[in-house]
There are 2 protein chains.
Amino acid sequence: MANAPRTRLEPEARRAQLVDVGLQMLGTRPLEQVAIDDVAAAAGISRGLLFHYFPTKRDFHVAVAEAAAAELLARTDPDPGLPPLARLQAAVAAYVDYVADKRDAYVAFVRGSSGGDPQILAVYDRTRTAFTLRVLDGLGLPEPPPRVRVAVRGWVAFTEEVTVDWLAHGDLTRAEVVDLLDEALVALVTVTLGDWPPD
Amino acid sequence: MANAPRTRLEPEARRAQLVDVGLQMLGTRPLEQVAIDDVAAAAGISRGLLFHYFPTKRDFHVAVAEAAAAELLARTDPDPGLPPLARLQAAVAAYVDYVADKRDAYVAFVRGSSGGDPQILAVYDRTRTAFTLRVLDGLGLPEPPPRVRVAVRGWVAFTEEVTVDWLAHGDLTRAEVVDLLDEALVALVTVTLGDWPPD
């Protein structure tokens, strides 16, 4: 990555620029290997100035993890205007496309790119919770029984594992992966709810 | 943890002792926070002697991760003499008991206790593969179609997520968790295979 020329930026713009540089690096390495020196160089600022915006390396990594999670959530909800179930199916398809587009960053996200840091683990946990709530909303189940909530949350993990396996093996088509995820969700909700989808 | 008195041990016994100390510490902290100094002190040896057995901290952590994975696999196959399907159900029940017994170590295992280290991620990956192969064997499907293999691997991740959620929320009984995991496996295999279980 070529180093950027030094330019003056407003504090918020500078913070956003630094996080964006971190996000780009996340495409090719796990988060804990996103080095402060590399980020500062790519942004054309000194290491000291970066620490002015993010007091510790950990603060910076948490900000990058949050930005990555926000991007993933935004990209996987392509059309909020659709009816709930169609919106859910569109989200699954968009999720699979995101996975294929950002494979390195995605595998790093799923596969413990946290260094065991509790704040970063909390970002991942909130992301899984956001997916779970979105799915429950799409199913018309905002206050589900515990069995259903747990099963949908388990399906989010199922989705992560299936897509990472797909990237590793490549022996299913994109359409087969989308179908598998859709059918698995229906099967798991049916098992836990008993009478879904309603007629 | 009280420091042990210094005693002479054969090299293999010493290695095993050190790994065992690491395994015990894994019960209360993530792997990358298992500190060499603490392990050496608990084993009653010098830091230098520990590095004689494990050239780097990473070598030690990989050995501890492998031991944790071996323990998990051993504990969750309580009766290899059972018929395949009964063995599988017993394994699910034993898995849930293991989770409840070793909750801190288990959550650390599931939740990115790797520091992003490729060797440790490989240990986790091999563990998930071993679970997947065990399940496929229990189902009488040693060479499954890709859809089924991916779905069973996804169910292993589903199982990890459901059990971690159970530890966090505690709003299901042990029996409900075991039933949910059994029923989810049947549902996912049914969806992907179409005609399972056979009559």
# chains A, B, ... in the order shown; residues from 1 in each chain; ligands from 1
>>> interface_residues(of="chain A", to="chain B", cutoff="9 Å", atoms="only C-alpha atoms", output="JSON list (two decimals) with C-alpha atoms, in the first residue's frame")
[["chain", "number", "residue", "atom", "x", "y", "z"],
["A", 30, "PRO", "CA", -6.61, -10.91, 10.93],
["A", 31, "LEU", "CA", -7.44, -7.92, 13.10],
["A", 32, "GLU", "CA", -4.69, -8.41, 15.66],
["A", 33, "GLN", "CA", -2.14, -8.23, 12.85],
["A", 108, "ALA", "CA", -11.02, -13.52, 9.85],
["A", 110, "VAL", "CA", -15.71, -15.70, 11.92],
["A", 111, "ARG", "CA", -12.48, -17.37, 12.96],
["A", 112, "GLY", "CA", -11.46, -15.77, 16.21],
["A", 113, "SER", "CA", -9.92, -12.57, 14.91],
["A", 114, "SER", "CA", -10.13, -11.15, 18.42],
["A", 115, "GLY", "CA", -6.96, -12.02, 20.24],
["A", 116, "GLY", "CA", -9.40, -13.05, 22.96],
["A", 117, "ASP", "CA", -10.07, -9.36, 23.67],
["A", 121, "LEU", "CA", -15.63, -10.46, 21.40],
["A", 146, "PRO", "CA", -36.37, -19.55, 24.41],
["A", 147, "ARG", "CA", -36.10, -22.68, 22.22],
["A", 150, "VAL", "CA", -31.66, -20.23, 20.75],
["A", 151, "ALA", "CA", -32.30, -22.13, 17.52],
["A", 153, "ARG", "CA", -29.02, -17.85, 17.11],
["A", 154, "GLY", "CA", -27.65, -21.34, 16.41],
["A", 155, "TRP", "CA", -28.68, -20.92, 12.77],
["A", 156, "VAL", "CA", -26.58, -17.73, 12.58],
["A", 157, "ALA", "CA", -23.57, -19.81, 13.68],
["A", 158, "PHE", "CA", -24.64, -22.55, 11.23],
["A", 159, "THR", "CA", -24.62, -19.90, 8.50],
["A", 160, "GLU", "CA", -21.12, -18.73, 9.42],
["A", 161, "GLU", "CA", -19.78, -22.29, 9.42],
["A", 162, "VAL", "CA", -21.49, -23.33, 6.18],
["A", 163, "THR", "CA", -20.22, -20.27, 4.33],
["A", 165, "ASP", "CA", -16.75, -24.35, 4.63],
["A", 166, "TRP", "CA", -18.05, -23.32, 1.20],
["A", 171, "ASP", "CA", -18.07, -27.99, -3.88],
["A", 172, "LEU", "CA", -21.47, -26.27, -3.77],
["A", 176, "GLU", "CA", -27.07, -24.34, -3.42],
["A", 177, "VAL", "CA", -25.61, -22.51, -0.42],
["A", 180, "LEU", "CA", -29.34, -24.76, 2.13],
["A", 183, "GLU", "CA", -34.14, -24.55, 4.11],
["A", 184, "ALA", "CA", -32.13, -25.02, 7.28],
["A", 187, "ALA", "CA", -36.37, -26.69, 9.31],
["A", 188, "LEU", "CA", -34.93, -25.37, 12.59],
["A", 190, "THR", "CA", -40.30, -25.71, 12.35],
["A", 191, "VAL", "CA", -38.66, -28.10, 14.81],
["A", 192, "THR", "CA", -38.63, -25.54, 17.60]]
>>> atom_distance(atom1="atom CA of A:Leu133", atom2="atom CA of A:Thr76")
13.6 Å
>>> residues_around(residues="B:Leu88", least_positions_apart="5", cutoff="12 Å", atoms="only C-alpha atoms", output="mmCIF file with N, CA, C and O atoms, in the first residue's frame")
data_model
loop_
_atom_site.group_PDB
_atom_site.id
_atom_site.type_symbol
_atom_site.label_atom_id
_atom_site.label_comp_id
_atom_site.auth_asym_id
_atom_site.auth_seq_id
_atom_site.Cartn_x
_atom_site.Cartn_y
_atom_site.Cartn_z
ATOM 1 N N THR B 76 -16.602 -36.661 25.085
ATOM 2 C CA THR B 76 -17.891 -36.639 24.394
ATOM 3 C C THR B 76 -18.127 -37.894 23.557
ATOM 4 O O THR B 76 -18.960 -37.890 22.654
ATOM 5 N N ASP B 77 -17.382 -38.953 23.845
ATOM 6 C CA ASP B 77 -17.669 -40.241 23.212
ATOM 7 C C ASP B 77 -17.660 -41.280 24.315
ATOM 8 O O ASP B 77 -16.749 -42.097 24.416
ATOM 9 N N PRO B 78 -18.701 -41.247 25.166
ATOM 10 C CA PRO B 78 -18.632 -42.000 26.416
ATOM 11 C C PRO B 78 -18.669 -43.509 26.225
ATOM 12 O O PRO B 78 -18.139 -44.234 27.044
ATOM 13 N N ASP B 79 -19.298 -43.994 25.159
ATOM 14 C CA ASP B 79 -19.476 -45.445 25.038
ATOM 15 C C ASP B 79 -19.380 -45.861 23.572
ATOM 16 O O ASP B 79 -20.392 -46.034 22.895
ATOM 17 N N PRO B 80 -18.141 -46.067 23.097
ATOM 18 C CA PRO B 80 -17.957 -46.439 21.692
ATOM 19 C C PRO B 80 -18.600 -47.771 21.332
ATOM 20 O O PRO B 80 -18.731 -48.084 20.148
ATOM 21 N N GLY B 81 -19.022 -48.561 22.330
ATOM 22 C CA GLY B 81 -19.608 -49.867 22.034
ATOM 23 C C GLY B 81 -21.084 -49.816 21.655
ATOM 24 O O GLY B 81 -21.638 -50.814 21.212
ATOM 25 N N LEU B 82 -21.716 -48.650 21.804
ATOM 26 C CA LEU B 82 -23.139 -48.537 21.464
ATOM 27 C C LEU B 82 -23.349 -48.613 19.950
ATOM 28 O O LEU B 82 -22.435 -48.330 19.176
ATOM 29 N N PRO B 83 -24.572 -48.976 19.526
ATOM 30 C CA PRO B 83 -24.891 -48.881 18.090
ATOM 31 C C PRO B 83 -24.755 -47.431 17.635
ATOM 32 O O PRO B 83 -24.908 -46.513 18.455
ATOM 33 N N ALA B 93 -25.521 -35.901 24.577
ATOM 34 C CA ALA B 93 -25.790 -35.711 26.010
ATOM 35 C C ALA B 93 -24.479 -35.476 26.766
ATOM 36 O O ALA B 93 -24.396 -34.600 27.639
ATOM 37 N N ALA B 94 -23.439 -36.236 26.434
ATOM 38 C CA ALA B 94 -22.146 -36.071 27.111
ATOM 39 C C ALA B 94 -21.539 -34.714 26.782
ATOM 40 O O ALA B 94 -20.885 -34.085 27.631
ATOM 41 N N TYR B 95 -21.760 -34.260 25.564
ATOM 42 C CA TYR B 95 -21.247 -32.941 25.153
ATOM 43 C C TYR B 95 -21.868 -31.848 26.022
ATOM 44 O O TYR B 95 -21.169 -30.962 26.521
ATOM 45 N N PHE B 131 -15.487 -33.978 14.998
ATOM 46 C CA PHE B 131 -16.902 -34.074 15.392
ATOM 47 C C PHE B 131 -17.767 -34.382 14.177
ATOM 48 O O PHE B 131 -18.673 -35.216 14.237
ATOM 49 N N THR B 132 -17.509 -33.674 13.083
ATOM 50 C CA THR B 132 -18.319 -33.858 11.874
ATOM 51 C C THR B 132 -18.222 -35.302 11.381
ATOM 52 O O THR B 132 -19.240 -35.935 11.069
ATOM 53 N N LEU B 133 -16.998 -35.840 11.335
ATOM 54 C CA LEU B 133 -16.817 -37.211 10.856
ATOM 55 C C LEU B 133 -17.483 -38.212 11.800
ATOM 56 O O LEU B 133 -18.069 -39.198 11.363
ATOM 57 N N ARG B 134 -17.417 -37.937 13.102
ATOM 58 C CA ARG B 134 -18.056 -38.825 14.074
ATOM 59 C C ARG B 134 -19.561 -38.857 13.849
ATOM 60 O O ARG B 134 -20.188 -39.925 13.895
ATOM 61 N N VAL B 135 -20.145 -37.684 13.606
ATOM 62 C CA VAL B 135 -21.595 -37.618 13.388
ATOM 63 C C VAL B 135 -21.967 -38.335 12.092
ATOM 64 O O VAL B 135 -22.911 -39.137 12.057
ATOM 65 N N LEU B 136 -21.215 -38.080 11.030
ATOM 66 C CA LEU B 136 -21.509 -38.728 9.747
ATOM 67 C C LEU B 136 -21.382 -40.239 9.876
ATOM 68 O O LEU B 136 -22.172 -40.992 9.306
ATOM 69 N N ASP B 137 -20.407 -40.689 10.659
ATOM 70 C CA ASP B 137 -20.248 -42.118 10.904
ATOM 71 C C ASP B 137 -21.459 -42.660 11.668
ATOM 72 O O ASP B 137 -22.007 -43.713 11.330
ATOM 73 N N GLY B 138 -21.908 -41.889 12.671
ATOM 74 C CA GLY B 138 -23.078 -42.303 13.447
ATOM 75 C C GLY B 138 -24.334 -42.385 12.600
ATOM 76 O O GLY B 138 -25.238 -43.178 12.866
ATOM 77 N N LEU B 139 -24.392 -41.550 11.574
ATOM 78 C CA LEU B 139 -25.543 -41.543 10.674
ATOM 79 C C LEU B 139 -25.406 -42.588 9.568
ATOM 80 O O LEU B 139 -26.308 -42.727 8.741
ATOM 81 N N GLY B 140 -24.278 -43.309 9.557
ATOM 82 C CA GLY B 140 -24.054 -44.285 8.496
ATOM 83 C C GLY B 140 -23.776 -43.636 7.158
ATOM 84 O O GLY B 140 -24.127 -44.166 6.097
ATOM 85 N N VAL B 178 -30.437 -30.867 25.102
ATOM 86 C CA VAL B 178 -30.106 -32.141 24.441
ATOM 87 C C VAL B 178 -31.149 -32.448 23.360
ATOM 88 O O VAL B 178 -30.798 -32.808 22.229
ATOM 89 N N LEU B 181 -30.724 -30.186 20.287
ATOM 90 C CA LEU B 181 -29.578 -30.563 19.442
ATOM 91 C C LEU B 181 -29.891 -31.824 18.641
ATOM 92 O O LEU B 181 -29.589 -31.895 17.438
ATOM 93 N N ASP B 182 -30.513 -32.824 19.295
ATOM 94 C CA ASP B 182 -30.875 -34.057 18.583
ATOM 95 C C ASP B 182 -31.860 -33.754 17.449
ATOM 96 O O ASP B 182 -31.689 -34.212 16.314
ATOM 97 N N LEU B 185 -30.362 -31.860 14.507
ATOM 98 C CA LEU B 185 -29.540 -32.705 13.627
ATOM 99 C C LEU B 185 -30.421 -33.501 12.675
ATOM 100 O O LEU B 185 -30.169 -33.545 11.462
ATOM 101 N N VAL B 186 -31.470 -34.114 13.219
ATOM 102 C CA VAL B 186 -32.384 -34.887 12.366
ATOM 103 C C VAL B 186 -32.998 -33.968 11.306
ATOM 104 O O VAL B 186 -33.061 -34.311 10.119
#
>>> residues_around(residues="A:Lys102", least_positions_apart="3", cutoff="10 Å", atoms="only C-alpha atoms", output="list of chain:residue names")
A:Leu26, A:Gly27, A:Thr28, A:Leu72, A:Asp97, A:Tyr98, A:Val99, A:Ala105, A:Tyr106, A:Val107
>>> write_last_selection(atoms="N, CA and C atoms", output="short mmCIF file (atom, residue, chain, number, x, y, z; two decimals), in the first residue's frame")
data_model
loop_
_atom_site.label_atom_id
_atom_site.label_comp_id
_atom_site.auth_asym_id
_atom_site.auth_seq_id
_atom_site.Cartn_x
_atom_site.Cartn_y
_atom_site.Cartn_z
N LEU A 26 -7.97 -5.37 6.93
CA LEU A 26 -8.68 -6.55 7.43
C LEU A 26 -9.02 -7.51 6.29
N GLY A 27 -8.95 -7.01 5.06
CA GLY A 27 -9.21 -7.88 3.93
C GLY A 27 -8.13 -8.91 3.70
N THR A 28 -6.95 -8.67 4.25
CA THR A 28 -5.82 -9.56 3.94
C THR A 28 -5.12 -10.10 5.19
N LEU A 72 -20.97 -5.23 7.55
CA LEU A 72 -21.59 -6.54 7.31
C LEU A 72 -23.11 -6.46 7.47
N ASP A 97 -23.38 -13.41 -0.92
CA ASP A 97 -22.60 -12.58 -1.85
C ASP A 97 -21.50 -11.82 -1.11
N TYR A 98 -21.84 -11.30 0.07
CA TYR A 98 -20.85 -10.58 0.88
C TYR A 98 -19.67 -11.50 1.21
N VAL A 99 -20.01 -12.72 1.62
CA VAL A 99 -19.00 -13.71 1.99
C VAL A 99 -18.04 -13.96 0.82
N ALA A 105 -11.59 -11.15 4.80
CA ALA A 105 -12.07 -10.41 5.95
C ALA A 105 -13.14 -11.20 6.69
N TYR A 106 -13.97 -11.89 5.90
CA TYR A 106 -15.06 -12.64 6.51
C TYR A 106 -14.54 -13.82 7.32
N VAL A 107 -13.61 -14.57 6.75
CA VAL A 107 -13.06 -15.72 7.49
C VAL A 107 -12.37 -15.22 8.77
#
>>> residues_around(residues="A:Val39", least_positions_apart="5", cutoff="7 Å", atoms="only C-alpha atoms", output="NGL selection string")
:A and (18 or 21-22)
>>> atom_distance(atom1="atom CA of B:Arg8", atom2="atom CA of B:Tyr53")
13.8 Å
